[in-house]
file run-v9.cif (mmCIF, C-alpha atoms)
data_work
loop_
_atom_site.label_atom_id
_atom_site.label_comp_id
_atom_site.auth_asym_id
_atom_site.auth_seq_id
_atom_site.Cartn_x
_atom_site.Cartn_y
_atom_site.Cartn_z
CA MET A 1061 -27.47 35.51 -119.68
CA GLN A 1062 -30.97 35.07 -118.30
CA LYS A 1063 -31.56 32.05 -120.56
CA LYS A 1064 -28.31 30.46 -119.36
CA LEU A 1065 -29.29 30.90 -115.70
CA THR A 1066 -32.74 29.51 -116.40
CA GLY A 1067 -31.21 26.49 -118.15
CA ARG A 1068 -28.85 25.82 -115.24
CA THR A 1069 -31.70 26.10 -112.74
CA SER A 1070 -33.79 23.66 -114.76
CA THR A 1071 -30.87 21.22 -114.95
CA MET A 1072 -30.31 21.40 -111.19
CA ARG A 1073 -33.98 20.71 -110.54
CA THR A 1074 -33.90 17.73 -112.91
CA ASP A 1075 -30.76 16.35 -111.24
CA LYS A 1076 -32.38 16.65 -107.81
CA LEU A 1077 -35.46 14.84 -109.10
CA TYR A 1078 -33.33 12.01 -110.49
CA ILE A 1079 -31.48 11.71 -107.19
CA LYS A 1080 -34.82 11.38 -105.37
CA ILE A 1081 -36.07 8.75 -107.84
CA TRP A 1082 -32.93 6.64 -107.54
CA GLY A 1083 -32.99 7.16 -103.79
CA VAL A 1084 -36.45 5.59 -103.63
CA TYR A 1085 -35.35 2.78 -105.98
CA PHE A 1086 -32.34 1.84 -103.89
CA GLY A 1087 -34.32 2.32 -100.70
CA VAL A 1088 -36.59 -0.47 -101.93
CA ALA A 1089 -33.49 -2.51 -102.77
CA LEU A 1090 -32.21 -2.05 -99.23
CA LEU A 1091 -35.56 -3.14 -97.77
CA PHE A 1092 -35.51 -6.26 -99.93
CA GLN A 1093 -31.96 -6.97 -98.78
CA LEU A 1094 -32.83 -6.61 -95.09
CA LEU A 1095 -36.30 -8.14 -94.91
CA LEU A 1096 -36.47 -10.90 -97.53
CA PRO A 1097 -34.68 -14.27 -97.70
CA ASP A 1098 -31.67 -14.75 -99.94
CA PHE A 1099 -32.06 -13.77 -103.57
CA PRO A 1100 -33.64 -16.70 -105.54
CA THR A 1101 -30.84 -17.06 -108.10
CA SER A 1102 -32.05 -20.42 -109.38
CA PHE A 1103 -35.44 -18.97 -110.34
CA PHE A 1104 -33.75 -16.78 -112.99
CA ALA A 1105 -31.88 -19.65 -114.66
CA PHE A 1106 -32.41 -20.39 -118.35
CA PRO A 1107 -34.87 -19.86 -120.01
CA VAL A 1108 -36.21 -17.20 -117.59
CA ASN A 1109 -33.05 -15.04 -117.82
CA ALA A 1110 -32.99 -15.24 -121.64
CA ALA A 1111 -36.68 -14.27 -121.85
CA LEU A 1112 -36.19 -11.30 -119.52
CA VAL A 1113 -33.18 -10.09 -121.51
CA LEU A 1114 -35.12 -10.33 -124.77
CA LEU A 1115 -38.10 -8.44 -123.30
CA THR A 1116 -35.77 -5.75 -121.98
CA LEU A 1117 -33.99 -5.31 -125.31
CA VAL A 1118 -37.26 -4.99 -127.23
CA GLY A 1119 -39.04 -2.93 -124.58
CA LEU A 1120 -36.35 -0.27 -124.27
CA TRP A 1121 -35.91 -0.14 -128.03
CA LEU A 1122 -39.63 0.59 -128.48
CA LEU A 1123 -39.55 3.12 -125.64
CA ARG A 1124 -36.61 4.94 -127.19
CA LYS A 1125 -38.16 4.88 -130.65
CA GLU A 1126 -41.74 5.81 -129.78
CA LYS A 1127 -41.16 8.10 -126.78
CA PRO A 1128 -37.62 9.50 -126.98
CA PHE A 1129 -38.44 12.44 -124.67
CA SER A 1130 -40.49 10.62 -122.05
CA PRO A 1131 -39.44 10.99 -118.37
CA VAL A 1132 -38.34 7.34 -118.19
CA THR A 1133 -36.19 7.67 -121.32
CA ARG A 1134 -34.59 10.85 -120.02
CA LEU A 1135 -33.96 9.29 -116.61
CA LEU A 1136 -32.28 6.17 -118.01
CA ALA A 1137 -30.12 8.14 -120.47
CA SER A 1138 -29.18 10.95 -118.07
CA PRO A 1139 -25.51 11.70 -117.18
CA SER A 1140 -26.72 12.11 -113.59
CA THR A 1141 -27.85 8.49 -113.66
CA THR A 1142 -24.39 7.49 -114.87
CA LEU A 1143 -22.75 9.27 -111.94
CA ILE A 1144 -25.18 7.87 -109.37
CA LEU A 1145 -24.96 4.24 -110.56
CA LEU A 1146 -21.18 4.20 -111.00
CA SER A 1147 -20.70 5.76 -107.56
CA LEU A 1148 -22.97 3.16 -105.95
CA LEU A 1149 -21.22 0.37 -107.86
CA ALA A 1150 -17.81 1.55 -106.67
CA VAL A 1151 -18.96 1.79 -103.04
CA SER A 1152 -20.69 -1.60 -103.21
CA CYS A 1153 -17.61 -3.30 -104.67
CA LEU A 1154 -15.45 -1.67 -101.99
CA CYS A 1155 -17.77 -2.97 -99.26
CA LEU A 1156 -17.76 -6.41 -100.91
CA GLY A 1157 -13.96 -6.47 -100.96
CA LEU A 1158 -13.66 -5.43 -97.31
CA THR A 1159 -16.58 -7.25 -95.68
CA SER A 1160 -17.93 -9.80 -98.23
CA ARG A 1161 -21.33 -8.16 -97.80
CA PRO A 1162 -23.51 -7.70 -99.69
CA SER A 1163 -22.70 -10.82 -101.69
CA PRO A 1164 -22.63 -10.67 -105.51
CA SER A 1165 -25.84 -12.75 -105.60
CA SER A 1166 -27.78 -10.54 -103.16
CA TRP A 1167 -30.90 -8.46 -103.69
CA TRP A 1168 -28.80 -5.28 -103.53
CA PHE A 1169 -26.55 -6.29 -106.42
CA PHE A 1170 -29.54 -7.50 -108.41
CA PHE A 1171 -31.17 -4.06 -108.20
CA LEU A 1172 -27.86 -2.29 -108.85
CA LEU A 1173 -26.81 -4.36 -111.87
CA ALA A 1174 -30.33 -4.33 -113.32
CA ALA A 1175 -30.35 -0.53 -113.17
CA LEU A 1176 -26.87 -0.35 -114.67
CA PHE A 1177 -27.87 -2.67 -117.52
CA LEU A 1178 -31.00 -0.60 -118.30
CA HIS A 1179 -28.96 2.59 -118.24
CA LEU A 1180 -26.20 1.24 -120.49
CA LEU A 1181 -28.75 -0.15 -122.93
CA MET A 1182 -30.59 3.17 -123.18
CA VAL A 1183 -27.32 5.07 -123.66
CA PHE A 1184 -26.32 2.57 -126.35
CA TYR A 1185 -29.64 3.00 -128.17
CA ALA A 1186 -29.34 6.79 -127.88
CA GLY A 1187 -25.88 6.97 -129.43
CA ALA A 1188 -25.36 3.96 -131.65
CA PHE A 1189 -28.10 4.68 -134.20
CA ARG A 1190 -27.42 8.33 -135.00
CA ARG A 1191 -24.64 10.13 -136.78
CA ARG A 1192 -21.86 11.15 -134.42
CA PRO A 1193 -18.07 11.48 -134.39
CA HIS A 1194 -16.28 8.16 -133.82
CA ARG A 1195 -19.53 6.19 -133.97
CA LEU A 1196 -17.77 2.82 -134.29
CA ARG A 1197 -15.74 3.53 -131.18
CA PHE A 1198 -18.89 4.37 -129.26
CA ILE A 1199 -20.52 1.11 -130.38
CA LEU A 1200 -17.47 -0.97 -129.43
CA ILE A 1201 -17.05 0.54 -125.97
CA HIS A 1202 -20.70 0.66 -124.94
CA GLY A 1203 -21.66 -2.57 -126.73
CA GLY A 1204 -18.69 -4.31 -125.13
CA LEU A 1205 -19.71 -3.08 -121.69
CA LEU A 1206 -23.26 -4.29 -122.30
CA LEU A 1207 -22.17 -7.77 -123.38
CA ALA A 1208 -19.69 -8.11 -120.51
CA LEU A 1209 -22.33 -7.07 -117.99
CA LEU A 1210 -24.94 -9.28 -119.66
CA GLY A 1211 -22.68 -12.34 -119.58
CA GLY A 1212 -21.89 -11.90 -115.91
CA PHE A 1213 -25.28 -10.68 -114.68
CA ALA A 1214 -27.78 -12.70 -116.73
CA GLY A 1215 -25.45 -15.69 -116.91
CA ALA A 1216 -24.89 -15.96 -113.16
CA PRO A 1217 -27.97 -18.17 -112.51
CA ASP A 1218 -26.69 -20.70 -115.08
CA THR A 1219 -23.18 -20.86 -113.61
CA ALA A 1220 -22.38 -23.94 -111.54
CA GLU A 1221 -19.32 -25.61 -110.01
CA TRP A 1222 -18.68 -29.16 -108.88
CA ARG A 1223 -15.63 -30.98 -107.54
CA LEU A 1224 -14.83 -34.63 -107.83
CA PRO A 1225 -11.91 -36.72 -106.51
CA VAL A 1226 -10.43 -38.74 -109.36
CA GLY A 1227 -8.36 -41.81 -108.49
CA LYS A 1228 -6.37 -44.47 -110.32
CA GLU A 1229 -8.46 -47.48 -109.34
CA TRP A 1230 -11.62 -46.91 -111.39
CA PRO A 1231 -13.47 -44.22 -113.40
CA THR A 1232 -15.77 -41.89 -111.49
CA ARG A 1233 -18.71 -39.64 -112.30
CA GLN A 1234 -19.63 -38.67 -108.73
CA ALA A 1235 -19.19 -34.92 -108.11
CA TYR A 1236 -20.04 -32.69 -105.14
CA THR A 1237 -21.39 -29.16 -104.83
CA SER A 1238 -20.11 -26.56 -102.35
CA GLN A 1239 -23.02 -27.53 -100.06
CA TYR A 1240 -21.92 -31.20 -100.19
CA GLY A 1241 -24.73 -32.14 -102.50
CA LYS A 1242 -24.09 -35.02 -104.91
CA ILE A 1243 -24.48 -35.04 -108.67
CA ARG A 1244 -23.71 -37.65 -111.34
CA LEU A 1245 -21.84 -36.14 -114.28
CA PRO A 1246 -22.42 -37.29 -117.88
CA HIS A 1247 -18.67 -37.93 -118.33
CA SER A 1248 -16.35 -40.24 -116.40
CA LEU A 1249 -12.76 -39.48 -115.38
CA GLN A 1250 -9.92 -41.72 -114.23
CA LEU A 1251 -6.39 -40.76 -113.18
CA LYS A 1252 -3.68 -42.46 -115.23
CA ASP A 1253 -0.58 -40.65 -113.97
CA PHE A 1254 0.37 -37.60 -111.91
CA ASN A 1255 3.65 -35.68 -112.17
CA VAL A 1256 4.96 -33.05 -109.77
CA THR A 1257 8.08 -30.90 -110.24
CA TYR A 1258 9.61 -29.04 -107.31
CA TYR A 1259 11.67 -25.93 -106.67
CA ALA A 1260 15.05 -26.27 -104.96
CA ASN A 1261 13.44 -25.48 -101.59
CA GLY A 1262 11.03 -28.39 -101.96
CA MET A 1263 7.91 -26.35 -102.84
CA PRO A 1264 5.79 -27.65 -105.75
CA GLN A 1265 6.57 -25.83 -109.00
CA GLU A 1266 4.17 -27.53 -111.38
CA PHE A 1267 1.86 -30.53 -111.31
CA LEU A 1268 0.24 -32.34 -114.22
CA ALA A 1269 -2.63 -34.80 -114.19
CA HIS A 1270 -2.95 -37.30 -117.04
CA LEU A 1271 -6.57 -38.42 -117.17
CA LEU A 1272 -8.72 -40.83 -119.12
CA LEU A 1273 -12.00 -39.26 -120.26
CA ASP A 1274 -14.93 -41.64 -120.80
CA ASN A 1275 -12.48 -44.58 -120.94
CA THR A 1276 -11.43 -43.52 -124.45
CA LYS A 1277 -9.68 -40.13 -124.56
CA ASN A 1278 -6.41 -39.09 -122.90
CA ILE A 1279 -6.32 -35.52 -121.59
CA THR A 1280 -3.80 -33.53 -119.53
CA LEU A 1281 -4.61 -30.89 -116.91
CA SER A 1282 -2.29 -28.44 -115.19
CA VAL A 1283 -2.87 -25.47 -112.93
CA ASN A 1284 -4.47 -22.51 -114.78
CA HIS A 1285 -4.69 -24.57 -117.99
CA PRO A 1286 -8.23 -26.00 -118.08
CA TYR A 1287 -9.57 -28.53 -120.52
CA THR A 1288 -12.69 -27.50 -122.47
CA LEU A 1289 -15.14 -30.33 -122.08
CA SER A 1290 -17.94 -28.59 -124.00
CA PRO A 1291 -18.73 -25.01 -125.07
CA GLY A 1292 -19.99 -24.27 -121.57
CA ASP A 1293 -18.00 -26.70 -119.37
CA ASP A 1294 -14.34 -26.59 -118.36
CA LEU A 1295 -12.22 -28.92 -116.22
CA TYR A 1296 -9.70 -27.44 -113.76
CA LEU A 1297 -7.02 -29.17 -111.70
CA VAL A 1298 -7.31 -27.74 -108.18
CA ASP A 1299 -5.61 -30.18 -105.77
CA TYR A 1300 -3.96 -33.58 -105.34
CA GLU A 1301 -2.84 -36.05 -102.69
CA HIS A 1302 0.32 -34.53 -101.20
CA VAL A 1303 2.48 -37.65 -101.08
CA ALA A 1304 5.44 -38.86 -103.11
CA GLU A 1305 3.21 -40.73 -105.58
CA PRO A 1306 -0.30 -39.17 -105.59
CA ARG A 1307 -3.09 -41.71 -105.98
CA PHE A 1308 -5.83 -39.18 -106.64
CA CYS A 1309 -6.39 -35.54 -107.61
CA VAL A 1310 -9.30 -33.13 -107.29
CA ILE A 1311 -10.95 -31.84 -110.47
CA GLN A 1312 -13.30 -28.87 -110.59
CA VAL A 1313 -16.02 -28.75 -113.24
CA VAL A 1314 -17.09 -25.18 -114.03
CA ARG A 1315 -20.21 -24.59 -116.10
CA GLN A 1316 -20.47 -21.09 -117.66
CA PRO A 1317 -22.87 -21.14 -120.64
CA TRP A 1318 -22.63 -17.35 -121.01
CA LYS A 1319 -18.84 -17.10 -120.88
CA TYR A 1320 -18.47 -16.42 -124.60
CA VAL A 1321 -20.94 -13.54 -124.36
CA GLN A 1322 -18.84 -12.05 -121.58
CA SER A 1323 -15.49 -12.63 -123.28
CA THR A 1324 -16.82 -11.15 -126.55
CA GLY A 1325 -17.85 -8.04 -124.66
CA ILE A 1326 -14.41 -7.72 -123.07
CA TRP A 1327 -12.66 -7.98 -126.45
CA LEU A 1328 -15.00 -5.38 -127.99
CA LEU A 1329 -14.36 -3.07 -125.05
CA LEU A 1330 -10.60 -3.45 -125.44
CA ALA A 1331 -10.88 -2.70 -129.17
CA GLY A 1332 -12.87 0.44 -128.41
CA CYS A 1333 -10.32 1.57 -125.82
CA VAL A 1334 -7.51 1.10 -128.35
CA MET A 1335 -9.45 3.26 -130.81
CA LEU A 1336 -10.01 5.87 -128.09
CA PHE A 1337 -6.27 5.97 -127.38
CA ALA A 1338 -5.42 6.21 -131.10
CA GLN A 1339 -8.07 8.77 -132.10
CA GLY A 1340 -8.18 10.91 -128.99
CA LEU A 1341 -11.17 12.83 -127.63
CA PRO A 1342 -13.90 14.16 -129.94
CA THR A 1343 -13.23 17.67 -131.24
CA GLY A 1344 -15.67 19.40 -128.90
CA MET A 1345 -14.35 17.64 -125.80
CA ALA A 1346 -10.73 18.29 -126.81
CA ARG A 1347 -11.42 22.05 -127.13
CA LYS A 1348 -13.15 22.06 -123.78
CA GLU A 1349 -10.17 20.33 -122.11
CA LYS A 1350 -7.72 22.85 -123.62
CA LYS A 1351 -9.87 25.75 -122.43
CA ILE A 1352 -9.97 24.35 -118.90
CA GLU A 1353 -6.19 23.86 -118.90
CA LYS A 1354 -5.75 27.55 -119.83
CA GLY A 1355 -7.90 28.60 -116.90
CA GLY A 1356 -11.06 29.42 -118.83
CA GLN A 1357 -14.61 28.38 -118.15
CA PRO A 1358 -15.66 24.92 -119.42
#

call {"tool": "encode", "arguments": {"input": "run-v9.cif", "output": "structure tokens"}}
result
Amino acid sequence: MQKKLTGRTSTMRTDKLYIKIWGVYFGVALLFQLLLPDFPTSFFAFPVNAALVLLTLVGLWLLRKEKPFSPVTRLLASPSTTLILLSLLAVSCLCLGLTSRPSPSSWWFFFLLAALFLHLLMVFYAGAFRRRPHRLRFILIHGGLLLALLGGFAGAPDTAEWRLPVGKEWPTRQAYTSQYGKIRLPHSLQLKDFNVTYYANGMPQEFLAHLLLDNTKNITLSVNHPYTLSPGDDLYLVDYEHVAEPRFCVIQVVRQPWKYVQSTGIWLLLAGCVMLFAQGLPTGMARKEKKIEKGGQP
């Protein structure tokens, strides 16, 4: 009994210490958010983001292997860290949905997502390379989360969007950024034909743009059905001239070099969730749940 009380007291002290450490960490994040200019997203574009990811993967692997019981390893792999980071992420996303602040590209989200990535990576290293029940499921779920977060977080600096009006008269390469900056694209587009179908009340039901790519290839775009221009670039139809016979349409070029990393992570996560549903909880957790349901102590 005495040993159990001592263990609980030690755990409570450790949890309080972790709360203080993360409190200082996110206090610094808040100061950066309030005092510094906007987060320099472009600075972390490729190859800087790729180099940082590689250094993080190797660094945490060596830390876990050489010093598995160090304070940093324990902090990053702690369940208390999981609770703290997920709670902050939920609150931050709620604030973002209600007020649009802080923005996804802010200092606050950089600190938050960086901490979440380090934590997930350490948890993955701790559980994926040792014998455990349902090891494959663990790898799929946590590896999928890591890849999905990596594709969105590390890939954000390489993501770009441009819009260009495409008419029937001549091919165009001139695109515009959201800040009205100009850019010349490597591919030309020209509108050949535009078809609109309507509901009975006169509202547009579907619209199709038939385009000529680089004066040689015919392509068709419709809403929510992009054309893959390259492994990282997609073309979207976003608007058109609202007249009986449209003479131009608006095409959005979206560049997402890391999209396949993110989509791979999502599919792995879904596969792991299917296995979780099919296999159920691990034996120890299942017994604990049954005991709680019967009114016993966990």

call {"tool": "resolve_selection", "arguments": {"input": "run-v9.cif", "expression": "the PyMOL selection byres ((chain A and resi 1211-1224) around 8)", "output": "PyMOL selection string"}}
result
chain A and resi 1101-1106+1109-1110+1113+1173+1207-1210+1225-1226+1233-1238+1310-1322

call {"tool": "write_last_selection", "arguments": {"input": "run-v9.cif", "atoms": "C-alpha atoms", "output": "PDB file, in the coordinates of the input"}}
result
ATOM      1  CA  THR A1101     -30.840 -17.060-108.100  1.00  0.00           C
ATOM      2  CA  SER A1102     -32.050 -20.420-109.380  1.00  0.00           C
ATOM      3  CA  PHE A1103     -35.440 -18.970-110.340  1.00  0.00           C
ATOM      4  CA  PHE A1104     -33.750 -16.780-112.990  1.00  0.00           C
ATOM      5  CA  ALA A1105     -31.880 -19.650-114.660  1.00  0.00           C
ATOM      6  CA  PHE A1106     -32.410 -20.390-118.350  1.00  0.00           C
ATOM      7  CA  ASN A1109     -33.050 -15.040-117.820  1.00  0.00           C
ATOM      8  CA  ALA A1110     -32.990 -15.240-121.640  1.00  0.00           C
ATOM      9  CA  VAL A1113     -33.180 -10.090-121.510  1.00  0.00           C
ATOM     10  CA  LEU A1173     -26.810  -4.360-111.870  1.00  0.00           C
ATOM     11  CA  LEU A1207     -22.170  -7.770-123.380  1.00  0.00           C
ATOM     12  CA  ALA A1208     -19.690  -8.110-120.510  1.00  0.00           C
ATOM     13  CA  LEU A1209     -22.330  -7.070-117.990  1.00  0.00           C
ATOM     14  CA  LEU A1210     -24.940  -9.280-119.660  1.00  0.00           C
ATOM     15  CA  PRO A1225     -11.910 -36.720-106.510  1.00  0.00           C
ATOM     16  CA  VAL A1226     -10.430 -38.740-109.360  1.00  0.00           C
ATOM     17  CA  ARG A1233     -18.710 -39.640-112.300  1.00  0.00           C
ATOM     18  CA  GLN A1234     -19.630 -38.670-108.730  1.00  0.00           C
ATOM     19  CA  ALA A1235     -19.190 -34.920-108.110  1.00  0.00           C
ATOM     20  CA  TYR A1236     -20.040 -32.690-105.140  1.00  0.00           C
ATOM     21  CA  THR A1237     -21.390 -29.160-104.830  1.00  0.00           C
ATOM     22  CA  SER A1238     -20.110 -26.560-102.350  1.00  0.00           C
ATOM     23  CA  VAL A1310      -9.300 -33.130-107.290  1.00  0.00           C
ATOM     24  CA  ILE A1311     -10.950 -31.840-110.470  1.00  0.00           C
ATOM     25  CA  GLN A1312     -13.300 -28.870-110.590  1.00  0.00           C
ATOM     26  CA  VAL A1313     -16.020 -28.750-113.240  1.00  0.00           C
ATOM     27  CA  VAL A1314     -17.090 -25.180-114.030  1.00  0.00           C
ATOM     28  CA  ARG A1315     -20.210 -24.590-116.100  1.00  0.00           C
ATOM     29  CA  GLN A1316     -20.470 -21.090-117.660  1.00  0.00           C
ATOM     30  CA  PRO A1317     -22.870 -21.140-120.640  1.00  0.00           C
ATOM     31  CA  TRP A1318     -22.630 -17.350-121.010  1.00  0.00           C
ATOM     32  CA  LYS A1319     -18.840 -17.100-120.880  1.00  0.00           C
ATOM     33  CA  TYR A1320     -18.470 -16.420-124.600  1.00  0.00           C
ATOM     34  CA  VAL A1321     -20.940 -13.540-124.360  1.00  0.00           C
ATOM     35  CA  GLN A1322     -18.840 -12.050-121.580  1.00  0.00           C
TER      36      GLN A1322
END

call {"tool": "resolve_selection", "arguments": {"input": "run-v9.cif", "expression": "the PyMOL selection byres ((chain A and resi 1269) around 6)", "output": "mmCIF file with C-alpha atoms, keeping the file's coordinate frame"}}
result
data_model
loop_
_atom_site.group_PDB
_atom_site.id
_atom_site.type_symbol
_atom_site.label_atom_id
_atom_site.label_comp_id
_atom_site.auth_asym_id
_atom_site.auth_seq_id
_atom_site.Cartn_x
_atom_site.Cartn_y
_atom_site.Cartn_z
ATOM 1 C CA PHE A 1254 0.370 -37.600 -111.910
ATOM 2 C CA LEU A 1268 0.240 -32.340 -114.220
ATOM 3 C CA HIS A 1270 -2.950 -37.300 -117.040
ATOM 4 C CA THR A 1280 -3.800 -33.530 -119.530
ATOM 5 C CA LEU A 1281 -4.610 -30.890 -116.910
#

call {"tool": "closest_atom_pairs", "arguments": {"input": "run-v9.cif", "of": "range 1104-1137 of chain A", "to": "range 1073-1092 of chain A", "cutoff": "10 Å", "atoms": "only C-alpha atoms", "output": "Markdown table"}}
result
| residue | atom | partner | partner_atom | distance |
| --- | --- | --- | --- | --- |
| A:Arg1134 | CA | A:Tyr1078 | CA | 9.7 |
| A:Leu1135 | CA | A:Tyr1078 | CA | 6.7 |
| A:Leu1136 | CA | A:Tyr1078 | CA | 9.6 |

call {"tool": "write_last_selection", "arguments": {"input": "run-v9.cif", "atoms": "C-alpha atoms", "output": "short mmCIF file (atom, residue, chain, number, x, y, z; two decimals), in the coordinates of the input"}}
result
data_model
loop_
_atom_site.label_atom_id
_atom_site.label_comp_id
_atom_site.auth_asym_id
_atom_site.auth_seq_id
_atom_site.Cartn_x
_atom_site.Cartn_y
_atom_site.Cartn_z
CA ARG A 1134 -34.59 10.85 -120.02
CA LEU A 1135 -33.96 9.29 -116.61
CA LEU A 1136 -32.28 6.17 -118.01
#

call {"tool": "closest_residue", "arguments": {"input": "run-v9.cif", "among": "A:Ala1186, A:Ala1304, A:Leu1172, A:Leu1206", "to": "Cys1153 in chain A", "atoms": "only C-alpha atoms"}}
result
A:Leu1172

call {"tool": "closest_residue", "arguments": {"input": "run-v9.cif", "among": "A:Thr1257, A:Ser1138, A:Ser1147, A:Ser1160", "to": "Met1182 in chain A", "atoms": "only C-alpha atoms"}}
result
A:Ser1138

call {"tool": "residues_near_point", "arguments": {"input": "run-v9.cif", "point": "(-23.8, -5.4, -102.8)", "cutoff": "12 Å", "atoms": "all atoms listed in the file", "output": "PyMOL selection string"}}
result
chain A and resi 1086+1089-1090+1093-1094+1099+1148-1173

call {"tool": "resolve_selection", "arguments": {"input": "run-v9.cif", "expression": "the PyMOL selection byres ((chain A and resi 1289) around 10)", "output": "list in words"}}
result
His1247, Leu1273, Pro1286, Tyr1287, Thr1288, Ser1290, Pro1291, Gly1292, Asp1293, Asp1294, Leu1295, Val1313, Val1314 and Arg1315 of chain A

call {"tool": "atom_distance", "arguments": {"input": "run-v9.cif", "atom1": "CA of Tyr1185 in chain A", "atom2": "CA of Met1335 in chain A"}}
result
20.4 Å

call {"tool": "atom_distance", "arguments": {"input": "run-v9.cif", "atom1": "CA of Pro1193 in chain A", "atom2": "CA of Trp1327 in chain A"}}
result
21.7 Å

call {"tool": "closest_residue", "arguments": {"input": "run-v9.cif", "among": "A:Leu1297, A:Ile1243, A:Leu1249, A:Leu1178", "to": "Phe1267 in chain A", "atoms": "all atoms listed in the file"}}
result
A:Leu1297

call {"tool": "atom_distance", "arguments": {"input": "run-v9.cif", "atom1": "CA of Lys1277 in chain A", "atom2": "CA of Gln1265 in chain A"}}
result
26.7 Å

call {"tool": "residues_around", "arguments": {"input": "run-v9.cif", "residues": "Leu1271 in chain A", "least_positions_apart": "2", "cutoff": "6 Å", "atoms": "all atoms listed in the file", "output": "PDB file with C-alpha atoms, in the coordinates of the input"}}
result
ATOM      1  CA  GLN A1250      -9.920 -41.720-114.230  1.00  0.00           C
ATOM      2  CA  LEU A1251      -6.390 -40.760-113.180  1.00  0.00           C
ATOM      3  CA  LYS A1252      -3.680 -42.460-115.230  1.00  0.00           C
ATOM      4  CA  ASN A1278      -6.410 -39.090-122.900  1.00  0.00           C
ATOM      5  CA  ILE A1279      -6.320 -35.520-121.590  1.00  0.00           C
TER       6      ILE A1279
END

call {"tool": "decode", "arguments": {"input": "run-v9.cif", "residues": "range 1146-1159 of chain A", "atoms": "N, CA and C atoms", "output": "short mmCIF file (atom, residue, chain, number, x, y, z; two decimals), in the first residue's frame"}}
result
data_model
loop_
_atom_site.label_atom_id
_atom_site.label_comp_id
_atom_site.auth_asym_id
_atom_site.auth_seq_id
_atom_site.Cartn_x
_atom_site.Cartn_y
_atom_site.Cartn_z
N LEU A 1146 -2.96 17.62 -27.13
CA LEU A 1146 -4.26 17.44 -27.80
C LEU A 1146 -5.28 18.45 -27.29
N SER A 1147 -5.23 18.77 -26.01
CA SER A 1147 -6.14 19.79 -25.46
C SER A 1147 -5.86 21.15 -26.09
N LEU A 1148 -4.58 21.52 -26.17
CA LEU A 1148 -4.23 22.80 -26.78
C LEU A 1148 -4.59 22.84 -28.27
N LEU A 1149 -4.40 21.71 -28.96
CA LEU A 1149 -4.76 21.65 -30.37
C LEU A 1149 -6.26 21.83 -30.56
N ALA A 1150 -7.05 21.19 -29.71
CA ALA A 1150 -8.51 21.32 -29.82
C ALA A 1150 -8.95 22.75 -29.57
N VAL A 1151 -8.39 23.38 -28.53
CA VAL A 1151 -8.76 24.76 -28.22
C VAL A 1151 -8.31 25.71 -29.33
N SER A 1152 -7.11 25.49 -29.86
CA SER A 1152 -6.59 26.35 -30.93
C SER A 1152 -7.44 26.23 -32.19
N CYS A 1153 -7.83 25.01 -32.55
CA CYS A 1153 -8.68 24.82 -33.73
C CYS A 1153 -10.05 25.43 -33.53
N LEU A 1154 -10.57 25.36 -32.29
CA LEU A 1154 -11.86 25.99 -31.99
C LEU A 1154 -11.76 27.50 -32.15
N CYS A 1155 -10.69 28.09 -31.62
CA CYS A 1155 -10.48 29.54 -31.77
C CYS A 1155 -10.32 29.92 -33.24
N LEU A 1156 -9.61 29.07 -34.00
CA LEU A 1156 -9.41 29.33 -35.43
C LEU A 1156 -10.73 29.30 -36.18
N GLY A 1157 -11.60 28.35 -35.81
CA GLY A 1157 -12.89 28.25 -36.48
C GLY A 1157 -13.83 29.40 -36.15
N LEU A 1158 -13.69 29.96 -34.94
CA LEU A 1158 -14.61 31.02 -34.51
C LEU A 1158 -14.09 32.42 -34.83
N THR A 1159 -12.76 32.61 -34.81
CA THR A 1159 -12.22 33.96 -34.95
C THR A 1159 -11.19 34.11 -36.06
#
